[in-house]
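Just below is one structure, and these are the notes that go with it.
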Amino acid sequence: VTAGYNLGVLYAEGRGGLKKSASAAHQHVRDAADKGLAEAQHGLSMWYRDGVVVKKNLSKSAQWGRKAAEQGHTLAMHNLGLLLLEGQWGERKDEEAGFKYLQQAADASVVESIVEVGKCLINGRGVKADAKAGFEMMCRAAQMGNAEAMFNAAVCCHAGIGASQNFGEAFEWLKKASQGGNATAMWHLGDAYEAGRGCEAQPIEAKKWKDSAKNKGFVQ
């Protein structure tokens with residue numbers, strides 16, 4: 001079954017000496033998915049989501065993604081968790097179920113899921129609100145190099161959410177998130193340098209980071 005799935009991927013990408021063929025790719029991957037291969041089910045879900053190989057169909061993407069998630073495919077669990085939180089693509093809104101899928105993916109060290117679990121804990125979505133635990137999840141994801149988590153940790157330190165208010169720590173997280181390419185963090189880092197919040201005021205650094213944020217598409 002796995003060999004058939006791999007063959008389908010080769011047809012989709014035109015690799016391994018095979019001529020690119022959407023129909024052959026779909027046939028092999030769909031066959032593997034029908035036989036229960038979670039990786040193939042997740043692959044089909046991504047194809048339907050992105051309109052690659054097959055015509056874009058978000059409802060079918062969700063259906064195949066759910067099949068993979070129910071077999072424990074970590075990325076599929078992450079995607080299904082997000083759909084259930086919002087009630088999208090034909091999935092009925094169920095925040096508790098969404099949180100559980102995200103938690104399972106986070107337990108498997110999917111860093112994006114760790115971030116989402118942190119948000120759920122802070123905001124009480126699908127789980128009893130626990131800002132301290134949410135902040136700890138953000139720090140865990142931040143230490144894994146996730147720039148969004150670094151920015152969220154900065155927000156928590158700035159506002160005293162789940163942690164003591166500490167402008168110095170907020171500044172350090174903003175700096176790390178900015179160096180990690182997060183445009184929103186860049187703008188707020190510029191603000192911090194401008195106001196001398198958590199650091200010495202440095203107008204030149206403030207302008208540099210705000211310009212960088214705008215160049216990355218940040219809109220105030």
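Within each chain, counting starts at residue 1; across the structure tokens, chains are named A, B, ... in the order shown, with ligands numbered 1 upward in that order.
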
Original post:
If you run DSSP on the backbone, which residues of range 4-146 of chain A are alpha helix (DSSP H), as a PyMOL selection string?
Top reply: chain A and resi 4-13+22-34+38-50+58-70+74-86+95-107+111-123+131-143

**OP:** Skip Lys55 in chain A itself and residues of its chain fewer than 4 positions away, then list as a list in words all residues within 12 Å of it, counting only C-alpha atoms.
**Re:** Ala22, Ser23, His26, Leu44, Ser45, Met46, Trp47, Tyr48, Arg49, Asp50, Gly51, Ser59, Lys60 and Ser61 of chain A

Original post:
For Ala3 in chain A, which residue out of A:Leu189, A:Leu37, A:Cys139, A:Val111 is the nearest one, using only C-alpha atoms?
Top reply: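 For Ala3 in chain A, the nearest of the given residues is A:Leu37.
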
Long-range neighbours of Glu70 in chain A as a PDB file with all heavy atoms, in the first residue's frame, 10 Å cut-off, only C-alpha atoms, 4 positions minimum in chain:
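What follows is the written file selection03.pdb:
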ATOM      1  N   ALA A  38      -2.969   6.145   6.334  1.00  0.00           N
ATOM      2  CA  ALA A  38      -3.190   7.490   6.876  1.00  0.00           C
ATOM      3  C   ALA A  38      -2.402   8.561   6.121  1.00  0.00           C
ATOM      4  O   ALA A  38      -2.905   9.662   5.879  1.00  0.00           O
ATOM      5  CB  ALA A  38      -2.832   7.523   8.359  1.00  0.00           C
ATOM      6  N   GLY A  65      -9.025  14.404   5.656  1.00  0.00           N
ATOM      7  CA  GLY A  65      -8.209  14.776   6.811  1.00  0.00           C
ATOM      8  C   GLY A  65      -8.708  14.125   8.088  1.00  0.00           C
ATOM      9  O   GLY A  65      -7.917  13.658   8.918  1.00  0.00           O
ATOM     10  N   ARG A  66     -10.034  14.057   8.230  1.00  0.00           N
ATOM     11  CA  ARG A  66     -10.612  13.419   9.422  1.00  0.00           C
ATOM     12  C   ARG A  66     -10.236  11.932   9.467  1.00  0.00           C
ATOM     13  O   ARG A  66      -9.898  11.403  10.538  1.00  0.00           O
ATOM     14  CB  ARG A  66     -12.137  13.588   9.434  1.00  0.00           C
ATOM     15  CG  ARG A  66     -12.815  12.855  10.566  1.00  0.00           C
ATOM     16  CD  ARG A  66     -14.298  13.119  10.628  1.00  0.00           C
ATOM     17  NE  ARG A  66     -14.607  14.337  11.381  1.00  0.00           N
ATOM     18  CZ  ARG A  66     -14.617  14.405  12.712  1.00  0.00           C
ATOM     19  NH1 ARG A  66     -14.297  13.354  13.438  1.00  0.00           N
ATOM     20  NH2 ARG A  66     -14.943  15.533  13.318  1.00  0.00           N
ATOM     21  N   THR A  74      -0.450  12.883  12.927  1.00  0.00           N
ATOM     22  CA  THR A  74      -0.306  14.086  13.773  1.00  0.00           C
ATOM     23  C   THR A  74      -0.675  15.387  13.048  1.00  0.00           C
ATOM     24  O   THR A  74      -1.376  16.226  13.617  1.00  0.00           O
ATOM     25  CB  THR A  74       1.128  14.196  14.329  1.00  0.00           C
ATOM     26  OG1 THR A  74       2.072  14.120  13.262  1.00  0.00           O
ATOM     27  CG2 THR A  74       1.395  13.091  15.331  1.00  0.00           C
ATOM     28  N   ALA A  76      -2.632  15.721  10.469  1.00  0.00           N
ATOM     29  CA  ALA A  76      -4.070  15.681  10.199  1.00  0.00           C
ATOM     30  C   ALA A  76      -4.846  16.036  11.463  1.00  0.00           C
ATOM     31  O   ALA A  76      -5.869  16.731  11.409  1.00  0.00           O
ATOM     32  CB  ALA A  76      -4.473  14.303   9.684  1.00  0.00           C
ATOM     33  N   MET A  77      -4.356  15.573  12.630  1.00  0.00           N
ATOM     34  CA  MET A  77      -5.007  15.915  13.895  1.00  0.00           C
ATOM     35  C   MET A  77      -4.949  17.420  14.136  1.00  0.00           C
ATOM     36  O   MET A  77      -5.921  18.032  14.591  1.00  0.00           O
ATOM     37  CB  MET A  77      -4.358  15.161  15.059  1.00  0.00           C
ATOM     38  CG  MET A  77      -4.705  13.688  15.088  1.00  0.00           C
ATOM     39  SD  MET A  77      -4.280  12.851  16.642  1.00  0.00           S
ATOM     40  CE  MET A  77      -2.498  12.821  16.579  1.00  0.00           C
ATOM     41  N   LEU A  80      -7.480  19.067  11.705  1.00  0.00           N
ATOM     42  CA  LEU A  80      -8.866  18.805  12.116  1.00  0.00           C
ATOM     43  C   LEU A  80      -9.215  19.601  13.373  1.00  0.00           C
ATOM     44  O   LEU A  80     -10.315  20.151  13.494  1.00  0.00           O
ATOM     45  CB  LEU A  80      -9.083  17.305  12.355  1.00  0.00           C
ATOM     46  CG  LEU A  80     -10.492  16.892  12.790  1.00  0.00           C
ATOM     47  CD1 LEU A  80     -11.544  17.325  11.761  1.00  0.00           C
ATOM     48  CD2 LEU A  80     -10.565  15.379  13.018  1.00  0.00           C
ATOM     49  N   TYR A 101      -8.005  17.144  19.764  1.00  0.00           N
ATOM     50  CA  TYR A 101      -7.140  16.785  18.623  1.00  0.00           C
ATOM     51  C   TYR A 101      -5.838  17.594  18.652  1.00  0.00           C
ATOM     52  O   TYR A 101      -4.749  17.053  18.402  1.00  0.00           O
ATOM     53  CB  TYR A 101      -7.879  17.000  17.304  1.00  0.00           C
ATOM     54  CG  TYR A 101      -8.725  15.829  16.890  1.00  0.00           C
ATOM     55  CD1 TYR A 101     -10.120  15.915  16.880  1.00  0.00           C
ATOM     56  CD2 TYR A 101      -8.155  14.612  16.514  1.00  0.00           C
ATOM     57  CE1 TYR A 101     -10.904  14.828  16.500  1.00  0.00           C
ATOM     58  CE2 TYR A 101      -8.926  13.524  16.132  1.00  0.00           C
ATOM     59  CZ  TYR A 101     -10.300  13.641  16.129  1.00  0.00           C
ATOM     60  OH  TYR A 101     -11.063  12.552  15.755  1.00  0.00           O
TER      61      TYR A 101
END

**OP:** Name all residues at most 6 Å from range 151-166 of chain A (count only C-alpha atoms; drop same-chain ones fewer than 4 positions away) and give them as JSON, numbers by chain.
**Re:** {"A": [131, 132, 135, 138, 170, 173, 174, 177, 185]}
